[in-house]
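S.K.: Got a file for you: final-v1.csv, CSV, C-alpha atoms.
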```csv
chain,number,residue,atom,x,y,z
A,32,MET,CA,8.3,-15.8,-11.1
A,33,ALA,CA,7.2,-14.8,-14.6
A,34,GLU,CA,6.6,-17.6,-17.1
A,35,GLN,CA,9.2,-18.1,-19.9
A,36,LYS,CA,7.0,-17.8,-23.0
A,37,ALA,CA,9.7,-17.4,-25.7
A,38,THR,CA,11.0,-20.6,-27.2
A,39,ASN,CA,14.2,-21.4,-29.2
A,40,VAL,CA,16.3,-18.9,-27.2
A,41,THR,CA,19.8,-19.5,-26.0
A,42,TRP,CA,21.8,-17.6,-23.4
A,43,HIS,CA,25.0,-16.0,-24.9
A,44,GLU,CA,28.0,-15.6,-22.7
A,45,HIS,CA,29.8,-12.2,-23.2
A,46,ARG,CA,33.5,-11.9,-23.6
A,47,VAL,CA,33.5,-8.9,-21.3
A,48,SER,CA,32.5,-10.2,-17.9
A,49,SER,CA,30.7,-8.3,-15.1
A,50,ALA,CA,33.9,-8.5,-13.1
A,51,ASP,CA,35.7,-6.8,-16.0
A,52,ARG,CA,33.1,-4.0,-16.1
A,53,LYS,CA,33.4,-3.4,-12.3
A,54,LYS,CA,37.2,-3.3,-12.5
A,55,LEU,CA,37.0,-0.7,-15.3
A,56,LYS,CA,34.7,1.5,-13.2
A,57,GLY,CA,36.7,1.0,-10.0
A,58,GLN,CA,33.7,0.0,-7.9
A,59,LYS,CA,31.5,-2.9,-7.0
A,60,SER,CA,28.0,-3.0,-8.4
A,61,CYS,CA,24.9,-3.0,-6.2
A,62,VAL,CA,21.2,-2.1,-6.3
A,63,LEU,CA,20.0,0.4,-3.7
A,64,TRP,CA,16.3,-0.4,-3.4
A,65,PHE,CA,14.6,2.5,-1.8
A,66,THR,CA,11.1,1.6,-0.5
A,67,GLY,CA,8.6,3.4,1.6
A,68,LEU,CA,5.3,5.3,1.5
A,69,SER,CA,4.5,8.0,-1.1
A,70,GLY,CA,5.9,11.2,0.4
A,71,ALA,CA,8.5,9.4,2.6
A,72,GLY,CA,11.3,11.0,0.5
A,73,LYS,CA,12.5,8.0,-1.5
A,74,SER,CA,13.0,9.8,-4.8
A,75,THR,CA,14.5,12.9,-3.2
A,76,VAL,CA,17.0,10.9,-1.1
A,77,ALA,CA,17.9,8.6,-4.0
A,78,ASN,CA,18.4,11.6,-6.3
A,79,THR,CA,20.7,13.2,-3.6
A,80,VAL,CA,22.7,10.0,-3.2
A,81,ASP,CA,23.0,9.7,-7.0
A,82,HIS,CA,24.4,13.3,-7.1
A,83,LYS,CA,26.8,12.8,-4.2
A,84,LEU,CA,28.2,9.6,-5.9
A,85,ALA,CA,28.6,11.3,-9.2
A,86,GLU,CA,30.5,14.1,-7.5
A,87,ILE,CA,33.1,11.6,-6.4
A,88,GLY,CA,33.4,9.9,-9.8
A,89,LYS,CA,31.2,6.9,-9.3
A,90,HIS,CA,29.1,5.3,-12.0
A,91,THR,CA,25.4,5.2,-11.2
A,92,TYR,CA,21.9,5.2,-12.6
A,93,LEU,CA,18.7,6.1,-10.9
A,94,LEU,CA,15.4,4.4,-11.8
A,95,ASP,CA,12.5,6.4,-10.4
A,96,GLY,CA,9.0,5.1,-10.1
A,97,ASP,CA,7.1,7.8,-11.9
A,98,ASN,CA,9.7,8.2,-14.7
A,99,VAL,CA,9.7,4.4,-15.4
A,100,ARG,CA,5.9,4.4,-15.6
A,101,MET,CA,6.2,7.0,-18.4
A,102,GLY,CA,8.1,4.6,-20.6
A,103,LEU,CA,9.0,1.0,-19.9
A,104,ASN,CA,6.0,0.5,-17.7
A,105,LYS,CA,3.5,2.9,-19.1
A,106,ASN,CA,1.1,0.0,-19.9
A,107,LEU,CA,0.8,-0.9,-16.2
A,108,GLY,CA,-1.7,0.5,-13.7
A,109,PHE,CA,-1.9,0.2,-9.9
A,110,SER,CA,-3.7,-3.1,-9.3
A,111,ALA,CA,-1.9,-5.7,-7.2
A,112,GLU,CA,-1.0,-7.6,-10.4
A,113,ASP,CA,0.3,-4.6,-12.2
A,114,ARG,CA,2.3,-3.5,-9.2
A,115,THR,CA,3.9,-6.9,-9.1
A,116,GLU,CA,4.8,-6.8,-12.8
A,117,ASN,CA,6.1,-3.2,-12.4
A,118,ILE,CA,8.5,-4.4,-9.7
A,119,ARG,CA,9.4,-7.6,-11.7
A,120,ARG,CA,10.5,-5.5,-14.7
A,121,ILE,CA,12.4,-3.0,-12.5
A,122,GLY,CA,14.2,-5.9,-10.8
A,123,GLU,CA,15.3,-7.3,-14.2
A,124,VAL,CA,16.5,-3.9,-15.4
A,125,ALA,CA,18.4,-3.4,-12.1
A,126,LYS,CA,20.0,-6.8,-12.6
A,127,LEU,CA,21.3,-5.7,-16.1
A,128,PHE,CA,22.6,-2.5,-14.7
A,129,SER,CA,24.3,-4.3,-11.8
A,130,ASP,CA,25.9,-6.7,-14.4
A,131,ALA,CA,27.2,-3.6,-16.1
A,132,GLY,CA,29.0,-2.6,-13.0
A,133,LEU,CA,26.8,0.3,-11.9
A,134,VAL,CA,25.5,1.4,-8.6
A,135,THR,CA,21.8,1.4,-9.4
A,136,LEU,CA,19.3,3.3,-7.3
A,137,THR,CA,15.6,2.4,-7.5
A,138,ALA,CA,12.9,4.6,-5.9
A,139,PHE,CA,9.6,2.7,-5.8
A,140,ILE,CA,6.9,2.3,-3.2
A,141,SER,CA,7.1,-1.4,-3.9
A,142,PRO,CA,4.6,-2.2,-1.2
A,143,TYR,CA,4.7,-6.0,-1.2
A,144,LYS,CA,7.5,-7.9,0.6
A,145,ALA,CA,7.2,-10.8,-1.8
A,146,ASP,CA,7.9,-8.6,-4.8
A,147,ARG,CA,10.9,-7.0,-3.1
A,148,ASP,CA,12.2,-10.5,-2.2
A,149,ILE,CA,11.9,-11.6,-5.9
A,150,ALA,CA,14.0,-8.6,-6.9
A,151,ARG,CA,16.6,-9.5,-4.3
A,152,GLU,CA,16.7,-13.1,-5.5
A,153,LEU,CA,17.7,-11.9,-9.0
A,154,LEU,CA,20.9,-10.5,-7.8
A,155,GLU,CA,24.1,-12.0,-6.4
A,156,GLU,CA,24.6,-12.2,-2.6
A,157,GLY,CA,25.3,-8.7,-1.3
A,158,GLU,CA,24.3,-6.8,-4.4
A,159,PHE,CA,20.7,-6.0,-3.2
A,160,ILE,CA,20.6,-3.3,-0.5
A,161,GLU,CA,17.1,-2.7,0.8
A,162,VAL,CA,16.8,0.9,2.0
A,163,TYR,CA,13.6,1.6,3.9
A,164,VAL,CA,12.8,5.3,4.0
A,165,GLN,CA,10.6,5.3,7.1
A,166,ALA,CA,8.1,8.0,7.7
A,167,SER,CA,4.8,8.0,9.5
A,168,LEU,CA,1.6,8.2,7.4
A,169,ALA,CA,0.8,11.5,9.2
A,170,THR,CA,4.1,12.9,8.0
A,171,CYS,CA,3.6,11.7,4.4
A,172,GLU,CA,0.1,13.1,4.3
A,173,GLU,CA,1.3,16.5,5.7
A,174,ARG,CA,4.0,16.6,2.9
A,175,ASP,CA,1.7,15.2,0.2
A,176,PRO,CA,4.0,16.7,-2.6
A,177,LYS,CA,1.8,15.5,-5.4
A,178,GLY,CA,-1.6,16.0,-3.7
A,179,LEU,CA,-2.2,12.3,-3.9
A,180,TYR,CA,-3.2,11.7,-0.3
A,181,LYS,CA,-5.8,14.5,-0.6
A,182,LYS,CA,-7.3,12.8,-3.7
A,183,ALA,CA,-7.2,9.4,-2.0
A,184,ARG,CA,-9.0,10.7,1.1
A,185,ALA,CA,-11.6,12.3,-1.2
A,186,GLY,CA,-12.1,8.9,-3.0
A,187,GLU,CA,-10.7,10.3,-6.3
A,188,ILE,CA,-7.9,7.6,-6.2
A,189,LYS,CA,-8.6,4.0,-5.4
A,190,GLY,CA,-6.1,1.5,-4.2
A,191,PHE,CA,-3.7,4.1,-2.8
A,192,THR,CA,-0.9,2.7,-0.7
A,193,GLY,CA,-1.3,3.5,3.0
A,194,ILE,CA,-4.9,4.6,2.6
A,195,ASP,CA,-7.0,1.7,1.0
A,196,ALA,CA,-4.1,-0.5,-0.1
A,197,PRO,CA,-1.5,-2.1,2.1
A,198,TYR,CA,2.2,-1.2,2.6
A,199,GLU,CA,4.3,-4.1,4.0
A,200,ALA,CA,7.3,-2.6,5.7
A,201,PRO,CA,10.6,-4.4,5.5
A,202,ASP,CA,11.5,-6.7,8.4
A,203,ASN,CA,15.3,-6.7,7.8
A,204,ALA,CA,16.3,-3.9,5.5
A,205,GLU,CA,20.0,-3.3,5.2
A,206,LEU,CA,19.4,0.4,5.9
A,207,VAL,CA,16.5,2.2,7.7
A,208,LEU,CA,16.4,5.9,7.1
A,209,ASP,CA,14.3,7.9,9.6
A,210,SER,CA,12.7,10.5,7.4
A,211,ASP,CA,10.6,11.9,10.2
A,212,ALA,CA,13.7,12.9,12.2
A,213,HIS,CA,16.4,13.7,9.6
A,214,GLY,CA,16.8,15.9,6.6
A,215,ILE,CA,17.5,14.8,3.0
A,216,ASP,CA,21.3,15.5,3.0
A,217,GLU,CA,21.8,13.7,6.3
A,218,LEU,CA,19.9,10.6,5.1
A,219,ALA,CA,21.8,10.6,1.8
A,220,ASP,CA,25.1,10.8,3.7
A,221,GLN,CA,24.0,7.7,5.7
A,222,VAL,CA,23.6,5.8,2.4
A,223,VAL,CA,27.0,6.9,1.0
A,224,ALA,CA,28.7,6.0,4.4
A,225,TYR,CA,27.1,2.6,4.2
A,226,LEU,CA,28.5,2.0,0.7
A,227,GLU,CA,31.9,3.3,1.7
A,228,SER,CA,32.2,1.2,4.8
A,229,ASN,CA,31.0,-2.0,3.0
A,230,GLY,CA,33.5,-1.6,0.1
A,231,TYR,CA,31.1,-0.8,-2.7
A,232,LEU,CA,33.0,2.3,-3.8
A,233,SER,CA,36.3,0.6,-4.6
A,234,ALA,CA,37.1,-2.2,-7.0
```
Let me see the file written as C-alpha cells.
M.R.:
Amino acid sequence: MAEQKATNVTWHEHRVSSADRKKLKGQKSCVLWFTGLSGAGKSTVANTVDHKLAEIGKHTYLLDGDNVRMGLNKNLGFSAEDRTENIRRIGEVAKLFSDAGLVTLTAFISPYKADRDIARELLEEGEFIEVYVQASLATCEERDPKGLYKKARAGEIKGFTGIDAPYEAPDNAELVLDSDAHGIDELADQVVAYLESNGYLSA
C-alpha cells in the first residue's frame, strides 16, 4: 500500500451518502476490471459494454489504459514500479467512481495479481468484478492492432507484457471471456448478462 505522506488531514463525511447516489441512479455501483494481454480485446469489449449500458439508461464511466496514461498517469512509464503505481491510482479513482454510484469499467493489462488484489481490497465486498479477457499470445500477436508486438519482437520495446515481461493470469476471475472463440458483441453481452443476473442494474 502507498505511504500516507500528507499530515494534518481529516476525513470529511458527506451528507449525501453512496447509498443515496446509487438510489438516485437506480443501480448498484461496481467496478468491472478488464485484464488481459495487449490485443486481447479489453478496451473494445469494455467500450461495447459501456455503450450497451448507456443505451438502457445506466450510469457508467470507462477508464482506458492508454487514455489515462495521457493525463492522470502521464508521468509513469512501464517499469514494474510504475505499473504498480499506475494500477494503484486507477484503483483509487475507480473507488471514487464506485462511491458516486457508477458502473465503472477499467481496461488495463494490469499484469500483476498483487496489484489487482490491492484494487479489489479498496472496494466493498461484491463491488470488484474481475473480467479476464482471455486470448492466446498467438492471437494477440496476429491482431497486434498497435504494432507493439512487432516492435517488441524486434527489440524496439523493452519490458513488453507477454514477450519479455510477465502476465499473471487471474486464478478466480468473476468472469472469463474467451476472446479467441467469440466476437466482441457476444463477449459484451456476457458481461451485461452477468450484471443483470447479479442485480447490479437495479437499485
S.K.: Would you list the residues near (-2.1, 3.8, 4.4) (no more than 10 Å away, in the coordinates of the file, using only C-alpha atoms) as an mmCIF file with C-alpha atoms, in the coordinates of the input?
M.R.:
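Result file result_10.cif:
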```cif
data_model
loop_
_atom_site.group_PDB
_atom_site.id
_atom_site.type_symbol
_atom_site.label_atom_id
_atom_site.label_comp_id
_atom_site.auth_asym_id
_atom_site.auth_seq_id
_atom_site.Cartn_x
_atom_site.Cartn_y
_atom_site.Cartn_z
ATOM 1 C CA LEU A 68 5.300 5.300 1.500
ATOM 2 C CA SER A 69 4.500 8.000 -1.100
ATOM 3 C CA SER A 167 4.800 8.000 9.500
ATOM 4 C CA LEU A 168 1.600 8.200 7.400
ATOM 5 C CA ALA A 169 0.800 11.500 9.200
ATOM 6 C CA CYS A 171 3.600 11.700 4.400
ATOM 7 C CA GLU A 172 0.100 13.100 4.300
ATOM 8 C CA TYR A 180 -3.200 11.700 -0.300
ATOM 9 C CA ALA A 183 -7.200 9.400 -2.000
ATOM 10 C CA GLY A 190 -6.100 1.500 -4.200
ATOM 11 C CA PHE A 191 -3.700 4.100 -2.800
ATOM 12 C CA THR A 192 -0.900 2.700 -0.700
ATOM 13 C CA GLY A 193 -1.300 3.500 3.000
ATOM 14 C CA ILE A 194 -4.900 4.600 2.600
ATOM 15 C CA ASP A 195 -7.000 1.700 1.000
ATOM 16 C CA ALA A 196 -4.100 -0.500 -0.100
ATOM 17 C CA PRO A 197 -1.500 -2.100 2.100
ATOM 18 C CA TYR A 198 2.200 -1.200 2.600
#
```
S.K.: Rank nothing, just name the residue among A:Leu154, A:Ala85, A:Ala131, A:Val164 nearest to A:Ser48, using only C-alpha atoms.
M.R.: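 When distances to A:Ser48 are compared using only C-alpha atoms, the smallest one comes from A:Ala131.
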S.K.: Could you check how far atom CA of A:Ala166 sits from atom CA of A:Glu217, in Å to one decimal?
M.R.: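 These two atoms are separated by 14.9 Å.
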S.K.: May I ask which of the residues A:Ala138, A:Ile188, A:Ala224, A:Leu218 is the closest one to A:Leu63, counting all atoms listed in the file?
M.R.: A:Ala138
S.K.: For the atom pair atom CA of A:Glu205 and atom CA of A:Val162, what is the interatomic distance in Å to one decimal place?
M.R.: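 Atom CA of A:Val162 lies at a distance of 6.2 Å from atom CA of A:Glu205.
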S.K.: Just how far from atom CA of A:Gly70 is atom CA of A:Pro176, in Å to one decimal?
M.R.: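 That distance, rounded to one decimal, is 6.5 Å.
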S.K.: Compare A:Pro201, A:Gly186, A:Gly230, A:Gly102 by their minimum atom-to-atom distance to A:Trp64, counting all atoms listed in the file, and give me the closest one.
M.R.: A:Pro201
S.K.: Check the smallest atom-to-atom distance from each of A:Arg174, A:Lys105, A:Arg114, A:His82 to A:Leu136 using all atoms listed in the file, then report the winner.
M.R.: A:His82
S.K.: Skip stretch 91-100 of chain A itself and residues of its chain fewer than 6 positions away, then list as JSON, numbers by chain all residues within 9 Å of it, counting all atoms listed in the file.
M.R.: {"A": [74, 77, 78, 81, 84, 85, 106, 107, 108, 117, 121, 125, 128, 132, 133, 134, 135, 136, 137, 138, 139, 140]}
S.K.: Find the residues around A:Glu152 up to 12 Å (only C-alpha atoms counted), leave out those fewer than 4 positions away in its own chain, and share them as a list in words.
M.R.: Met32, Val62, Arg119, Gly122, Glu123, Ala125, Lys126, Ala145, Asp146, Arg147, Asp148, Glu156, Gly157, Glu158, Phe159 and Ile160 of chain A
S.K.: Let me make sure I understand: among A:Thr79, A:Thr66, A:Thr115, A:Ser233, which one has the smallest atom-to-atom distance to A:Ala200 if we use all atoms listed in the file?
M.R.: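 The closest residue to A:Ala200 is A:Thr66.
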S.K.: Could you pull the residues within 12 Å of stretch 37-47 of chain A, counting only C-alpha atoms, minus those fewer than 4 positions along the same chain, as a PyMOL selection string?
M.R.: chain A and resi 33+51-55+130-132
